[in-house]
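Colleague: As input, take input19.cif (mmCIF, C-alpha atoms):
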```cif
data_my_file
loop_
_atom_site.label_atom_id
_atom_site.label_comp_id
_atom_site.auth_asym_id
_atom_site.auth_seq_id
_atom_site.Cartn_x
_atom_site.Cartn_y
_atom_site.Cartn_z
CA MET H 973 29.06 -11.73 -139.45
CA SER H 974 29.25 -12.41 -143.15
CA ALA H 975 30.19 -8.77 -143.91
CA ALA H 976 33.08 -8.81 -141.45
CA PHE H 977 34.07 -12.14 -142.88
CA ALA H 978 34.20 -10.69 -146.40
CA HIS H 979 36.57 -7.90 -145.33
CA ARG H 980 39.05 -10.28 -143.78
CA PRO H 981 38.90 -13.37 -145.94
CA HIS H 982 42.21 -14.75 -144.70
CA ALA H 983 41.85 -13.93 -141.03
CA VAL H 984 40.66 -17.43 -140.17
CA ARG H 985 42.81 -20.23 -141.49
CA HIS H 986 42.76 -23.99 -141.65
CA ALA H 987 45.06 -25.75 -139.21
CA ALA H 988 48.52 -26.30 -140.68
CA LEU H 989 48.47 -29.73 -142.28
CA THR H 990 50.85 -31.78 -144.39
CA LEU H 991 49.58 -34.51 -146.68
CA THR H 992 52.18 -37.19 -147.34
CA VAL H 993 51.55 -39.95 -149.87
CA ASP H 994 54.24 -42.58 -150.07
CA GLY H 995 54.39 -45.56 -152.45
CA LEU H 996 50.62 -45.72 -152.89
CA ALA H 997 49.26 -48.66 -154.91
CA VAL H 998 45.61 -49.16 -155.80
CA ASP H 999 43.80 -52.07 -157.49
CA ARG H 1000 40.64 -51.87 -159.53
CA GLY H 1001 38.76 -54.94 -160.67
CA GLY H 1002 41.68 -57.16 -159.62
CA ARG H 1003 44.15 -55.18 -161.75
CA ARG H 1004 46.88 -52.93 -160.40
CA VAL H 1005 46.00 -49.49 -161.73
CA LEU H 1006 48.36 -47.34 -159.69
CA SER H 1007 51.64 -48.13 -158.01
CA GLY H 1008 54.43 -46.17 -156.42
CA VAL H 1009 52.58 -42.84 -156.31
CA GLY H 1010 54.14 -40.40 -153.89
CA PHE H 1011 54.00 -36.69 -153.15
CA VAL H 1012 54.02 -34.23 -150.27
CA LEU H 1013 51.52 -31.39 -150.10
CA GLU H 1014 51.71 -28.56 -147.56
CA GLY H 1015 48.82 -26.38 -146.47
CA GLY H 1016 48.16 -23.67 -149.06
CA GLU H 1017 49.49 -25.72 -151.97
CA ALA H 1018 47.69 -27.15 -154.97
CA LEU H 1019 48.60 -30.26 -156.95
CA ILE H 1020 47.38 -30.90 -160.49
CA VAL H 1021 47.28 -34.58 -161.44
CA THR H 1022 47.72 -35.01 -165.19
CA GLY H 1023 47.97 -37.96 -167.56
CA ARG H 1024 46.16 -39.56 -170.46
CA ASN H 1025 42.74 -41.21 -170.13
CA GLY H 1026 42.67 -44.37 -168.03
CA VAL H 1027 46.01 -43.73 -166.35
CA GLY H 1028 44.40 -43.68 -162.91
CA LYS H 1029 43.74 -40.03 -162.06
CA SER H 1030 40.21 -40.70 -160.77
CA THR H 1031 41.41 -43.86 -159.04
CA LEU H 1032 44.06 -41.86 -157.18
CA LEU H 1033 41.50 -39.32 -155.96
CA ARG H 1034 39.02 -42.03 -154.91
CA ALA H 1035 41.78 -43.85 -153.03
CA LEU H 1036 42.81 -40.65 -151.26
CA ALA H 1037 39.19 -40.05 -150.24
CA GLY H 1038 39.09 -43.57 -148.82
CA LEU H 1039 36.51 -44.77 -151.37
CA LEU H 1040 38.93 -47.40 -152.74
CA PRO H 1041 41.19 -49.57 -150.59
CA GLN H 1042 44.86 -48.61 -150.55
CA ARG H 1043 46.76 -51.84 -151.25
CA GLU H 1044 50.27 -50.61 -150.56
CA GLY H 1045 51.93 -47.48 -149.32
CA ARG H 1046 50.88 -44.90 -146.78
CA VAL H 1047 48.76 -41.78 -146.81
CA THR H 1048 49.20 -39.59 -143.74
CA LEU H 1049 47.89 -36.20 -142.77
CA LYS H 1050 50.30 -34.60 -140.32
CA GLY H 1051 48.74 -32.09 -137.93
CA ALA H 1052 45.31 -33.72 -138.04
CA GLU H 1053 43.62 -34.82 -134.84
CA ALA H 1054 41.90 -37.82 -136.40
CA SER H 1055 43.81 -40.35 -138.45
CA ASP H 1056 40.92 -40.61 -140.89
CA LEU H 1057 41.74 -38.57 -143.99
CA ALA H 1058 38.14 -38.79 -145.24
CA ALA H 1059 36.91 -36.50 -142.47
CA TYR H 1060 39.24 -33.75 -143.71
CA ALA H 1061 38.48 -34.11 -147.39
CA HIS H 1062 35.89 -32.90 -149.86
CA TYR H 1063 35.45 -35.18 -152.86
CA LEU H 1064 33.96 -33.84 -156.09
CA ALA H 1065 33.63 -36.11 -159.12
CA HIS H 1066 31.47 -36.50 -162.21
CA ALA H 1067 28.32 -37.18 -160.21
CA ASP H 1068 27.17 -34.02 -158.47
CA GLY H 1069 25.66 -35.55 -155.33
CA LEU H 1070 22.61 -33.34 -155.68
CA LYS H 1071 18.98 -34.43 -155.38
CA ALA H 1072 17.02 -33.19 -158.40
CA ALA H 1073 13.80 -32.84 -156.38
CA LEU H 1074 15.31 -30.51 -153.77
CA THR H 1075 16.20 -26.86 -154.24
CA ALA H 1076 19.83 -25.75 -154.49
CA ARG H 1077 19.52 -24.28 -151.01
CA GLU H 1078 18.10 -27.47 -149.47
CA ASN H 1079 20.84 -29.54 -151.09
CA LEU H 1080 23.55 -27.24 -149.76
CA GLU H 1081 21.97 -27.01 -146.31
CA PHE H 1082 21.98 -30.79 -146.11
CA TRP H 1083 25.62 -31.21 -147.16
CA GLY H 1084 26.61 -28.31 -144.93
CA ALA H 1085 25.13 -30.12 -141.93
CA TYR H 1086 26.22 -33.62 -142.94
CA LEU H 1087 29.81 -32.83 -143.93
CA ALA H 1088 30.41 -30.21 -141.23
CA HIS H 1089 33.88 -30.59 -139.77
CA GLU H 1090 34.73 -29.59 -136.23
CA SER H 1091 38.00 -27.93 -137.15
CA GLY H 1092 36.54 -25.15 -139.26
CA PRO H 1093 32.98 -24.04 -138.52
CA GLU H 1094 33.99 -20.38 -138.77
CA LEU H 1095 35.28 -20.99 -142.30
CA SER H 1096 32.00 -22.48 -143.50
CA ARG H 1097 29.69 -20.27 -145.49
CA THR H 1098 25.91 -20.20 -145.60
CA PRO H 1099 24.28 -21.67 -148.74
CA GLU H 1100 23.51 -18.14 -149.98
CA GLU H 1101 27.14 -16.98 -149.59
CA ALA H 1102 28.41 -20.14 -151.27
CA LEU H 1103 26.05 -19.75 -154.22
CA ALA H 1104 27.08 -16.10 -154.58
CA ALA H 1105 30.74 -17.16 -154.61
CA VAL H 1106 30.12 -19.43 -157.62
CA GLY H 1107 27.98 -16.78 -159.34
CA LEU H 1108 24.56 -18.31 -158.78
CA PRO H 1109 22.87 -16.10 -156.17
CA HIS H 1110 19.49 -16.27 -157.94
CA VAL H 1111 18.90 -20.04 -158.09
CA ALA H 1112 18.73 -20.81 -154.36
CA GLN H 1113 15.00 -21.56 -154.47
CA ALA H 1114 15.01 -23.47 -157.77
CA PRO H 1115 14.84 -27.29 -157.78
CA VAL H 1116 18.18 -28.62 -158.96
CA GLY H 1117 16.38 -30.77 -161.57
CA VAL H 1118 15.50 -27.70 -163.65
CA LEU H 1119 19.03 -26.24 -163.67
CA SER H 1120 21.39 -26.57 -166.64
CA ALA H 1121 24.42 -28.87 -166.50
CA GLY H 1122 26.76 -25.95 -165.86
CA GLN H 1123 24.54 -24.54 -163.14
CA LYS H 1124 24.30 -27.94 -161.43
CA ARG H 1125 28.07 -28.16 -161.54
CA ARG H 1126 28.37 -24.78 -159.86
CA VAL H 1127 25.90 -25.79 -157.11
CA ALA H 1128 28.11 -28.86 -156.58
CA LEU H 1129 31.16 -26.56 -156.35
CA ALA H 1130 29.30 -24.45 -153.78
CA ARG H 1131 29.14 -27.60 -151.65
CA LEU H 1132 32.90 -27.22 -151.07
CA LEU H 1133 32.20 -23.94 -149.30
CA VAL H 1134 29.21 -24.75 -147.07
CA ALA H 1135 31.24 -27.20 -144.99
CA ALA H 1136 34.83 -26.05 -144.61
CA ARG H 1137 37.31 -28.90 -145.03
CA PRO H 1138 41.02 -28.39 -145.62
CA LEU H 1139 41.62 -30.89 -148.45
CA TRP H 1140 39.72 -30.66 -151.75
CA LEU H 1141 39.90 -33.69 -154.04
CA LEU H 1142 38.56 -32.48 -157.38
CA ASP H 1143 38.01 -34.80 -160.34
CA GLU H 1144 37.57 -32.74 -163.52
CA PRO H 1145 36.01 -29.82 -161.63
CA LEU H 1146 35.63 -27.63 -164.71
CA THR H 1147 33.32 -29.95 -166.70
CA ALA H 1148 30.39 -28.04 -168.27
CA LEU H 1149 31.59 -24.67 -166.94
CA ASP H 1150 31.77 -21.60 -169.21
CA ALA H 1151 34.79 -19.26 -169.31
CA ALA H 1152 33.41 -16.77 -166.77
CA SER H 1153 32.52 -19.53 -164.29
CA ARG H 1154 36.00 -21.03 -164.68
CA LEU H 1155 37.58 -17.71 -163.71
CA GLN H 1156 35.19 -17.42 -160.77
CA PHE H 1157 36.01 -20.92 -159.57
CA ALA H 1158 39.75 -20.29 -159.98
CA GLN H 1159 39.29 -17.38 -157.56
CA VAL H 1160 37.43 -19.67 -155.12
CA MET H 1161 40.32 -22.16 -155.29
CA ARG H 1162 42.92 -19.40 -154.75
CA ASP H 1163 40.97 -18.18 -151.68
CA HIS H 1164 40.92 -21.73 -150.35
CA CYS H 1165 44.69 -22.04 -150.72
CA ALA H 1166 45.18 -18.61 -149.16
CA GLN H 1167 43.26 -19.88 -146.11
CA GLY H 1168 45.75 -22.71 -145.77
CA GLY H 1169 43.67 -25.29 -147.64
CA MET H 1170 45.02 -27.93 -150.01
CA ILE H 1171 43.79 -28.96 -153.45
CA VAL H 1172 44.46 -32.13 -155.42
CA ALA H 1173 42.80 -31.80 -158.83
CA ALA H 1174 42.75 -34.19 -161.77
CA THR H 1175 42.22 -32.34 -165.01
CA HIS H 1176 43.09 -32.21 -168.69
CA GLU H 1177 42.87 -28.44 -169.06
CA PRO H 1178 44.49 -25.46 -167.35
CA ILE H 1179 42.65 -24.90 -164.12
CA GLY H 1180 43.74 -21.32 -163.44
CA LEU H 1181 46.15 -21.94 -160.56
CA GLU H 1182 49.51 -20.57 -161.73
CA ASP H 1183 51.64 -21.72 -158.80
CA ALA H 1184 50.16 -25.22 -158.61
CA ARG H 1185 52.55 -28.16 -158.75
CA SER H 1186 52.03 -30.92 -161.24
CA LEU H 1187 51.99 -34.69 -160.79
CA PRO H 1188 52.17 -36.47 -164.17
CA LEU H 1189 50.85 -40.02 -163.89
CA GLY H 1190 51.76 -42.83 -166.24
CA ALA H 1191 55.18 -41.49 -167.15
CA SER H 1192 57.00 -44.12 -165.14
CA SER H 1193 54.76 -47.14 -165.76
CA MET X 991 23.22 -26.03 -137.16
CA THR X 992 21.20 -29.25 -137.32
CA SER X 993 22.95 -32.51 -136.53
CA PRO X 994 24.13 -34.57 -139.52
CA LEU X 995 21.68 -37.40 -138.86
CA ALA X 996 18.68 -35.11 -138.38
CA ALA X 997 19.62 -33.39 -141.65
CA LEU X 998 19.80 -36.76 -143.41
CA PHE X 999 16.41 -37.86 -142.06
CA LEU X 1000 14.84 -34.58 -143.15
CA ARG X 1001 16.37 -34.82 -146.61
CA GLU X 1002 15.06 -38.37 -147.11
CA LEU X 1003 11.54 -37.33 -146.10
CA ARG X 1004 11.67 -34.27 -148.35
CA VAL X 1005 12.88 -36.23 -151.37
CA ALA X 1006 10.21 -38.88 -150.79
CA ARG X 1007 7.49 -36.22 -150.50
CA ARG X 1008 8.60 -34.27 -153.60
CA ILE X 1009 9.03 -37.30 -155.82
CA GLY X 1010 5.91 -38.99 -154.42
CA GLY X 1011 6.13 -42.39 -156.05
CA SER X 1012 7.56 -44.95 -153.68
CA GLY X 1013 5.22 -44.70 -150.66
CA THR X 1014 2.03 -44.32 -152.68
CA LEU X 1015 3.16 -47.01 -155.10
CA GLY X 1016 3.66 -49.46 -152.24
CA VAL X 1017 0.17 -48.82 -150.84
CA VAL X 1018 -1.45 -49.17 -154.28
CA PHE X 1019 0.45 -52.43 -154.85
CA PHE X 1020 -0.69 -53.64 -151.40
CA LEU X 1021 -4.29 -52.76 -152.31
CA THR X 1022 -4.06 -54.51 -155.69
CA LEU X 1023 -2.63 -57.72 -154.26
CA VAL X 1024 -5.22 -57.93 -151.50
CA SER X 1025 -8.11 -57.18 -153.82
CA ILE X 1026 -7.24 -59.84 -156.40
CA VAL X 1027 -7.21 -62.62 -153.80
CA PRO X 1028 -11.05 -62.93 -153.54
CA PHE X 1029 -11.17 -63.27 -157.32
CA ALA X 1030 -8.72 -66.15 -157.19
CA VAL X 1031 -10.02 -68.10 -154.16
CA GLY X 1032 -13.70 -67.26 -154.53
CA PRO X 1033 -15.96 -65.04 -152.39
CA ASP X 1034 -16.38 -67.45 -149.49
CA PRO X 1035 -16.45 -65.26 -146.32
CA ASN X 1036 -15.28 -68.07 -144.04
CA LEU X 1037 -12.32 -68.93 -146.20
CA LEU X 1038 -11.37 -65.25 -146.64
CA SER X 1039 -11.54 -64.54 -142.94
CA ARG X 1040 -9.35 -67.59 -142.27
CA ILE X 1041 -6.61 -66.78 -144.79
CA GLY X 1042 -6.93 -62.98 -144.42
CA PRO X 1043 -4.04 -62.38 -141.98
CA ALA X 1044 -1.68 -64.45 -144.13
CA ILE X 1045 -2.68 -62.64 -147.32
CA LEU X 1046 -2.28 -59.22 -145.68
CA TRP X 1047 1.17 -60.15 -144.42
CA ILE X 1048 2.36 -61.57 -147.75
CA ALA X 1049 1.05 -58.48 -149.56
CA ALA X 1050 2.82 -56.20 -147.08
CA LEU X 1051 6.05 -58.16 -147.56
CA LEU X 1052 5.89 -57.89 -151.36
CA ALA X 1053 4.96 -54.19 -151.23
CA THR X 1054 7.96 -53.53 -148.95
CA LEU X 1055 10.30 -55.37 -151.32
CA LEU X 1056 8.91 -53.41 -154.28
CA CYS X 1057 9.83 -50.11 -152.63
CA LEU X 1058 13.25 -51.17 -151.38
CA ASP X 1059 15.25 -51.38 -154.60
CA ARG X 1060 15.69 -47.60 -154.85
CA LEU X 1061 16.86 -47.24 -151.23
CA PHE X 1062 20.54 -46.89 -152.14
CA GLN X 1063 20.39 -46.94 -155.95
CA ALA X 1064 19.29 -43.32 -156.31
CA ASP X 1065 22.12 -42.20 -154.03
CA ALA X 1066 24.64 -44.33 -155.91
CA GLU X 1067 23.60 -42.84 -159.24
CA ASP X 1068 23.80 -39.18 -158.24
CA GLY X 1069 27.03 -39.57 -156.26
CA SER X 1070 25.51 -38.90 -152.82
CA LEU X 1071 26.56 -42.35 -151.63
CA ASP X 1072 30.27 -41.49 -152.06
CA LEU X 1073 29.75 -38.35 -150.02
CA LEU X 1074 27.91 -40.20 -147.26
CA TYR X 1075 31.18 -42.08 -146.54
CA LEU X 1076 32.99 -38.78 -146.11
CA GLY X 1077 30.86 -37.52 -143.24
CA GLU X 1078 32.15 -37.76 -139.71
CA THR X 1079 29.06 -39.82 -138.90
CA PRO X 1080 29.74 -43.57 -139.12
CA LEU X 1081 28.17 -45.08 -142.24
CA GLU X 1082 26.27 -47.55 -140.04
CA LEU X 1083 24.34 -44.72 -138.39
CA ALA X 1084 23.67 -43.05 -141.74
CA VAL X 1085 22.26 -46.37 -142.99
CA LEU X 1086 20.11 -46.70 -139.86
CA VAL X 1087 18.68 -43.22 -140.39
CA LYS X 1088 18.08 -43.82 -144.09
CA CYS X 1089 16.20 -47.04 -143.29
CA LEU X 1090 14.11 -45.34 -140.59
CA ALA X 1091 13.17 -42.57 -143.02
CA HIS X 1092 12.41 -45.18 -145.67
CA TRP X 1093 10.16 -47.08 -143.27
CA THR X 1094 8.36 -43.86 -142.35
CA THR X 1095 7.57 -43.15 -145.99
CA THR X 1096 6.85 -46.69 -147.21
CA GLY X 1097 6.20 -49.03 -144.24
CA LEU X 1098 4.01 -46.74 -142.15
CA PRO X 1099 1.50 -46.12 -145.00
CA LEU X 1100 1.07 -49.91 -145.27
CA VAL X 1101 0.28 -50.11 -141.56
CA VAL X 1102 -2.28 -47.32 -141.90
CA ALA X 1103 -3.90 -48.97 -144.92
CA ALA X 1104 -3.98 -52.46 -143.36
CA PRO X 1105 -7.23 -52.15 -141.31
CA PHE X 1106 -9.16 -50.91 -144.36
CA LEU X 1107 -7.88 -53.76 -146.51
CA GLY X 1108 -8.59 -56.15 -143.62
CA LEU X 1109 -12.29 -55.27 -144.00
CA MET X 1110 -12.11 -56.56 -147.58
CA MET X 1111 -10.76 -59.83 -146.23
CA GLN X 1112 -13.71 -60.35 -143.83
CA GLN X 1113 -11.63 -59.70 -140.72
CA GLU X 1114 -13.46 -58.86 -137.48
CA GLY X 1115 -12.54 -56.16 -135.01
CA SER X 1116 -9.98 -58.03 -132.93
CA SER X 1117 -8.28 -59.41 -136.01
CA LEU X 1118 -8.11 -55.94 -137.60
CA ILE X 1119 -6.37 -54.61 -134.51
CA GLY X 1120 -4.10 -57.66 -134.52
CA VAL X 1121 -2.98 -57.30 -138.12
CA THR X 1122 -2.37 -53.56 -137.72
CA LEU X 1123 -0.37 -54.06 -134.53
CA THR X 1124 1.75 -56.88 -135.94
CA LEU X 1125 2.46 -54.96 -139.14
CA LEU X 1126 3.45 -51.90 -137.09
CA VAL X 1127 5.92 -54.00 -135.11
CA GLY X 1128 7.01 -56.31 -137.95
CA THR X 1129 7.46 -54.09 -141.03
CA PRO X 1130 10.62 -52.39 -139.66
CA ALA X 1131 12.23 -55.83 -139.69
CA LEU X 1132 11.28 -56.22 -143.36
CA THR X 1133 12.79 -52.83 -144.22
CA PHE X 1134 16.02 -53.46 -142.34
CA ILE X 1135 16.54 -57.01 -143.63
CA GLY X 1136 15.71 -55.80 -147.13
CA ALA X 1137 18.25 -53.00 -146.83
CA ILE X 1138 21.04 -55.59 -146.75
CA GLY X 1139 19.83 -56.97 -150.08
CA ALA X 1140 19.37 -53.50 -151.51
CA ALA X 1141 22.96 -52.60 -150.59
CA ALA X 1142 24.37 -55.82 -152.02
CA THR X 1143 22.64 -55.30 -155.38
CA VAL X 1144 22.97 -51.53 -155.67
CA THR X 1145 25.25 -51.53 -158.71
CA LEU X 1146 23.28 -54.12 -160.69
CA ARG X 1147 20.97 -52.91 -163.40
CA ARG X 1148 18.13 -55.33 -162.61
CA GLY X 1149 19.08 -55.43 -158.96
CA GLY X 1150 15.50 -55.17 -157.66
CA LEU X 1151 14.60 -58.66 -158.78
CA LEU X 1152 17.77 -60.24 -157.42
CA MET X 1153 17.28 -58.32 -154.19
CA ALA X 1154 13.78 -59.83 -153.79
CA LEU X 1155 15.21 -63.32 -154.35
CA LEU X 1156 17.95 -62.75 -151.78
CA VAL X 1157 15.76 -61.18 -149.15
CA THR X 1158 12.54 -63.21 -149.26
CA PRO X 1159 13.99 -66.33 -147.53
CA LEU X 1160 15.38 -64.15 -144.74
CA THR X 1161 11.94 -62.70 -144.03
CA ILE X 1162 10.29 -66.08 -143.34
CA PRO X 1163 10.60 -65.80 -139.52
CA VAL X 1164 8.95 -62.37 -139.62
CA LEU X 1165 6.10 -63.84 -141.66
CA ILE X 1166 5.63 -66.84 -139.34
CA PHE X 1167 5.44 -64.85 -136.12
CA GLY X 1168 3.50 -61.95 -137.67
CA VAL X 1169 0.75 -64.22 -138.97
CA SER X 1170 0.59 -66.44 -135.88
CA ALA X 1171 0.29 -63.40 -133.58
CA THR X 1172 -2.52 -62.03 -135.73
CA GLU X 1173 -4.35 -65.35 -135.68
CA ALA X 1174 -3.92 -65.64 -131.93
CA MET X 1175 -5.60 -62.25 -131.57
CA SER X 1176 -8.79 -63.53 -133.24
CA GLY X 1177 -8.99 -66.69 -131.16
CA GLY X 1178 -7.12 -69.96 -131.42
CA THR X 1179 -5.01 -71.98 -129.07
CA VAL X 1180 -1.75 -69.97 -129.16
CA PRO X 1181 -1.49 -67.02 -126.77
CA PHE X 1182 -1.06 -63.63 -128.49
CA PHE X 1183 1.85 -62.33 -126.52
CA ALA X 1184 4.45 -65.04 -127.23
CA PRO X 1185 4.64 -64.71 -131.05
CA PHE X 1186 4.14 -60.93 -130.76
CA ALA X 1187 7.12 -60.58 -128.43
CA ILE X 1188 9.29 -62.67 -130.75
CA LEU X 1189 8.18 -60.50 -133.68
CA GLY X 1190 9.25 -57.41 -131.73
CA ALA X 1191 12.55 -59.07 -130.88
CA ILE X 1192 13.21 -59.84 -134.57
CA SER X 1193 12.50 -56.21 -135.46
CA LEU X 1194 14.82 -54.87 -132.77
CA ALA X 1195 17.57 -57.33 -133.68
CA ALA X 1196 17.27 -56.42 -137.37
CA MET X 1197 17.43 -52.73 -136.46
CA ALA X 1198 20.57 -53.29 -134.40
CA LEU X 1199 22.43 -55.68 -136.71
CA ALA X 1200 21.33 -54.97 -140.29
CA PRO X 1201 23.00 -51.52 -140.48
CA PHE X 1202 26.40 -53.19 -139.95
CA ALA X 1203 25.82 -55.72 -142.73
CA THR X 1204 24.40 -53.03 -145.01
CA ALA X 1205 27.29 -50.64 -144.41
CA ALA X 1206 29.78 -53.47 -145.03
CA ALA X 1207 28.09 -54.26 -148.34
CA LEU X 1208 28.15 -50.58 -149.34
CA ARG X 1209 31.83 -50.21 -148.41
CA ASN X 1210 32.80 -53.02 -150.77
CA LEU X 1211 31.02 -51.53 -153.78
CA GLY X 1212 34.03 -49.72 -155.10
CA GLU X 1213 36.14 -52.82 -155.61
#
```
How would this structure read if it were set down as C-alpha cells?

Modeller:
Amino acid sequence: MSAAFAHRPHAVRHAALTLTVDGLAVDRGGRRVLSGVGFVLEGGEALIVTGRNGVGKSTLLRALAGLLPQREGRVTLKGAEASDLAAYAHYLAHADGLKAALTARENLEFWGAYLAHESGPELSRTPEEALAAVGLPHVAQAPVGVLSAGQKRRVALARLLVAARPLWLLDEPLTALDAASRLQFAQVMRDHCAQGGMIVAATHEPIGLEDARSLPLGASS
Amino acid sequence: MTSPLAALFLRELRVARRIGGSGTLGVVFFLTLVSIVPFAVGPDPNLLSRIGPAILWIAALLATLLCLDRLFQADAEDGSLDLLYLGETPLELAVLVKCLAHWTTTGLPLVVAAPFLGLMMQQEGSSLIGVTLTLLVGTPALTFIGAIGAAATVTLRRGGLLMALLVTPLTIPVLIFGVSATEAMSGGTVPFFAPFAILGAISLAAMALAPFATAAALRNLGE
C-alpha cells in the first residue's frame, strides 16, 4: 500500500477547508497581547507569521490551537464537520512532546493513535514512512533520550505525518535543524500543501516555501 | 489501529516501566514509614497490633502523595500535555486513563506489599486480609483525589509539597472508612460491610467526578 501511495502522492487529498480568522484578540497574564488579527487561509496555502520577539507569534498559534482562550473575534473552519478547530490541527512548538524513555517508533505510534483524525486515515503514514520522510529511517528503535537535539526535532516533525490533519500550526519548526534537514522538511511541507493541507508557521528565518503568504505582526500596534 | 485511550494507557505503563522510579519508590517509602513506627512507639505487640491498620493506611496515603506530583508535570515539561488537548478524545477521559495507569503502577504495588508489612505490625490473618482489601478498594480514591491537586500545581516548581497540603484534608474520609473497615474485620463492634461499602462508594465517586475537576484545572493552565 505504501508503494502505491508513494507513486501517487497527491491522489488522496484533505477535504477542502477555509480557515477564517477575524478580529482575534488574546490575553496573556491579564495583558492584551494580540488584538485585531485577521486572515483567510484556503486549503493548500501556507501563511508565515513574522514579527520581532514578544510580538505574539507563539500566542497566536496557541490561541488557534485552542490552548489559550480567544477573548474577542472569531476563528472558523469552513468545510469542517466539527466546529472544534483543535481536532483538525497539529501543534508543534518548542517542546517536542516526546517521551525520552520510549523509542522514536513507540512515540510516533502513540501520537499516531492518539491524534488520529477520522477525515484522513488514508493520508496517515506509518512511523517508519514518517521517519524516512524526515531523513531518520535508522533511529526507529533508539530511545528518544539518546538522540541529538536536531534528531529529536525531526522525530517531532515526523509526528505531523503519522496522524494526518489538515492544519499545521508550527512554532519555529526549524530550530536545531541542519541545512539538509531544512530542505527535506520544506519538501514535506510542500507535499502537505499539495494534498490540500494548510500551514501557519511562526518563524524568523526563511522556511523554504516560496509561494507562502506573510502575516507581519506588530506593525499596526 | 489501537484506540486513542488504549494507546495512552500503554504509553503510561511503558514509560513507568522504563523509568522505574515512581512505583518502586512508593513501595520503598511505604516500607520505610511502616518500619520506623515500632522504633518510635516501642516493640509492644499489643499496641502495634492495635494501631497497625491506622499506620498502614497513613503510610499508604503518604506514599501515594509522594508519587503523584509527577503525574502531569512530566507531560507539561515535554509538551505532551498540550498535545493531549488536541486529540479527539475528551480531556476528561484522557485524565481518567492516565490516573488508572498511574494507580496500576503506583497504587497496586502498595496493595501487594501491604500484607507483608502488616506482618511487621503484628496483624493477624483476618486483619491482613482486611487491610489488603480496603487498600485495594480505597487507594484509587487517593489517586483520583490527588490528581486534582497534581493538576492544580503542575506549573509550580515546588508543586509537590503544595499538592500534599491541598490534598491531605480531602483524603480524610477515605482514611476514616478505610481504617474502620479494617478494624471491623479483626473484631470490634462495627460491622465490616458498612464502612467498606462507603469506602467503595468514595472510590467510585472520585473516579467519576475527579477527572472533570482535574481536566478543568489543566485547561486553565495556559492563562

Colleague: Go through H:Leu1070, H:Glu1144, H:Ala1135, H:Ala1104 one by one, measure the shortest atom-to-atom distance of each to Leu1119 (chain H) using all atoms listed in the file, and give the residue with the smallest value.

Modeller: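 Among the listed residues, the smallest separation from Leu1119 (chain H) belongs to H:Leu1070.
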
Colleague: From the list H:Thr1098, H:Ala1073, H:Ala1067, H:Glu1081, which residue is nearest Ala1121 (chain H) when using only C-alpha atoms?

Modeller: H:Ala1067

Colleague: Quick one: distance from CA of Lys1088 (chain X) to CA of Ile1188 (chain X) in Å, one decimal?

Modeller: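 It comes out at 24.7 Å.
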
Colleague: To one decimal in Å, tell me the separation between CA of Ser1070 (chain X) and CA of Val1087 (chain X).

Modeller: 14.8 Å

Colleague: Given the PyMOL selection byres ((chain X and resi 1112-1120) around 7) and the file above, list the residues it selects as an NGL selection string.

Modeller: :X and (1035 or 1038-1039 or 1042 or 1105 or 1108-1111 or 1121-1124 or 1172 or 1175-1176)

Colleague: Nearest to chain X among H:Lys1050, H:Lys1071, H:Leu1006, H:Asp994, with distances taken over all atoms listed in the file: which residue is it?

Modeller: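 Ranked by minimum distance to chain X, first place goes to H:Lys1071.
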
Colleague: Which of these residues is nearest to Leu1090 (chain X), using all atoms listed in the file: X:Leu1000, X:Leu1208, X:Leu1189, X:Ile1166?

Modeller: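 Once distances to Leu1090 (chain X) are computed over all atoms listed in the file, the minimum belongs to X:Leu1000.
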
Colleague: At a cut-off of 7 Å, using only C-alpha atoms, what residues contact Leu1057 (chain H)? Leave out same-chain residues fewer than 4 positions from it and give the result as a list in words.

Modeller: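 Near Leu1057 (chain H), the qualifying residues are Ala1037, Leu1049 and Ala1061 of chain H.
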
Colleague: When the PyMOL selection byres ((chain X) within 8 of (chain H)) is applied to the file above, which residues end up in the set, as a list of chain:residue names?

Modeller: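 Checked against the file, the PyMOL selection byres ((chain X) within 8 of (chain H)) matches X:Met991, X:Thr992, X:Ser993, X:Pro994, X:Leu995, X:Ala997, X:Leu998, X:Arg1001, X:Arg1004, X:Val1005, X:Arg1008, X:Ile1009, X:Asp1065, X:Glu1067, X:Asp1068, X:Gly1069, X:Ser1070, X:Leu1071, X:Asp1072, X:Leu1073, X:Tyr1075, X:Leu1076, X:Gly1077, X:Glu1078, X:Thr1079, X:Arg1209, X:Gly1212, X:Glu1213.
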
Colleague: With a distance cut-off of 9 Å and all atoms listed in the file, select the neighbouring residues of Ile1045 (chain X), excluding the residue or stretch itself and same-chain residues fewer than 6 positions from it, and output the selection as a PyMOL selection string.

Modeller: chain X and resi 1023-1024+1027+1111

Colleague: Any idea what's packed within 12 Å of Thr1147 (chain H), counting all atoms listed in the file, ignoring anything in its chain fewer than 5 positions away? Could you give it as JSON, numbers by chain?

Modeller: {"H": [1064, 1065, 1066, 1067, 1068, 1121, 1122, 1123, 1124, 1125, 1126, 1128, 1129, 1142, 1153, 1154, 1157, 1174, 1175, 1176, 1177, 1179]}

Colleague: Do you have the CA of Met1161 (chain H)-CA of Leu1133 (chain H) distance handy?

Modeller: 10.2 Å

Colleague: Any chance you could work out the residue set of the PyMOL selection byres ((chain X and resi 1020) around 10) here, as a VMD selection string?

Modeller: chain X and resid 1014 to 1019 1021 to 1025 1046 to 1054 1100 1103 to 1104 1107

Colleague: Taking all atoms listed in the file into account, which of H:Leu1036, H:Ala1052, H:Leu1149, H:Ala987 comes nearest Val1009 (chain H)?

Modeller: H:Leu1036

Colleague: Please list as a ChimeraX atom specification every residue within 9 Å of Ala1076 (chain H), counting only C-alpha atoms and excluding residues in the same chain fewer than 6 positions away.

Modeller: /H:1070,1099,1103,1111-1116,1124,1127

Colleague: Keeping only C-alpha atoms, write the selected residues to a file as a tab-separated table (two decimals), in the frame of the given file.

Modeller:
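Result file out25.tsv:
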```
chain	number	residue	atom	x	y	z
H	1070	LEU	CA	22.61	-33.34	-155.68
H	1099	PRO	CA	24.28	-21.67	-148.74
H	1103	LEU	CA	26.05	-19.75	-154.22
H	1111	VAL	CA	18.90	-20.04	-158.09
H	1112	ALA	CA	18.73	-20.81	-154.36
H	1113	GLN	CA	15.00	-21.56	-154.47
H	1114	ALA	CA	15.01	-23.47	-157.77
H	1115	PRO	CA	14.84	-27.29	-157.78
H	1116	VAL	CA	18.18	-28.62	-158.96
H	1124	LYS	CA	24.30	-27.94	-161.43
H	1127	VAL	CA	25.90	-25.79	-157.11
```
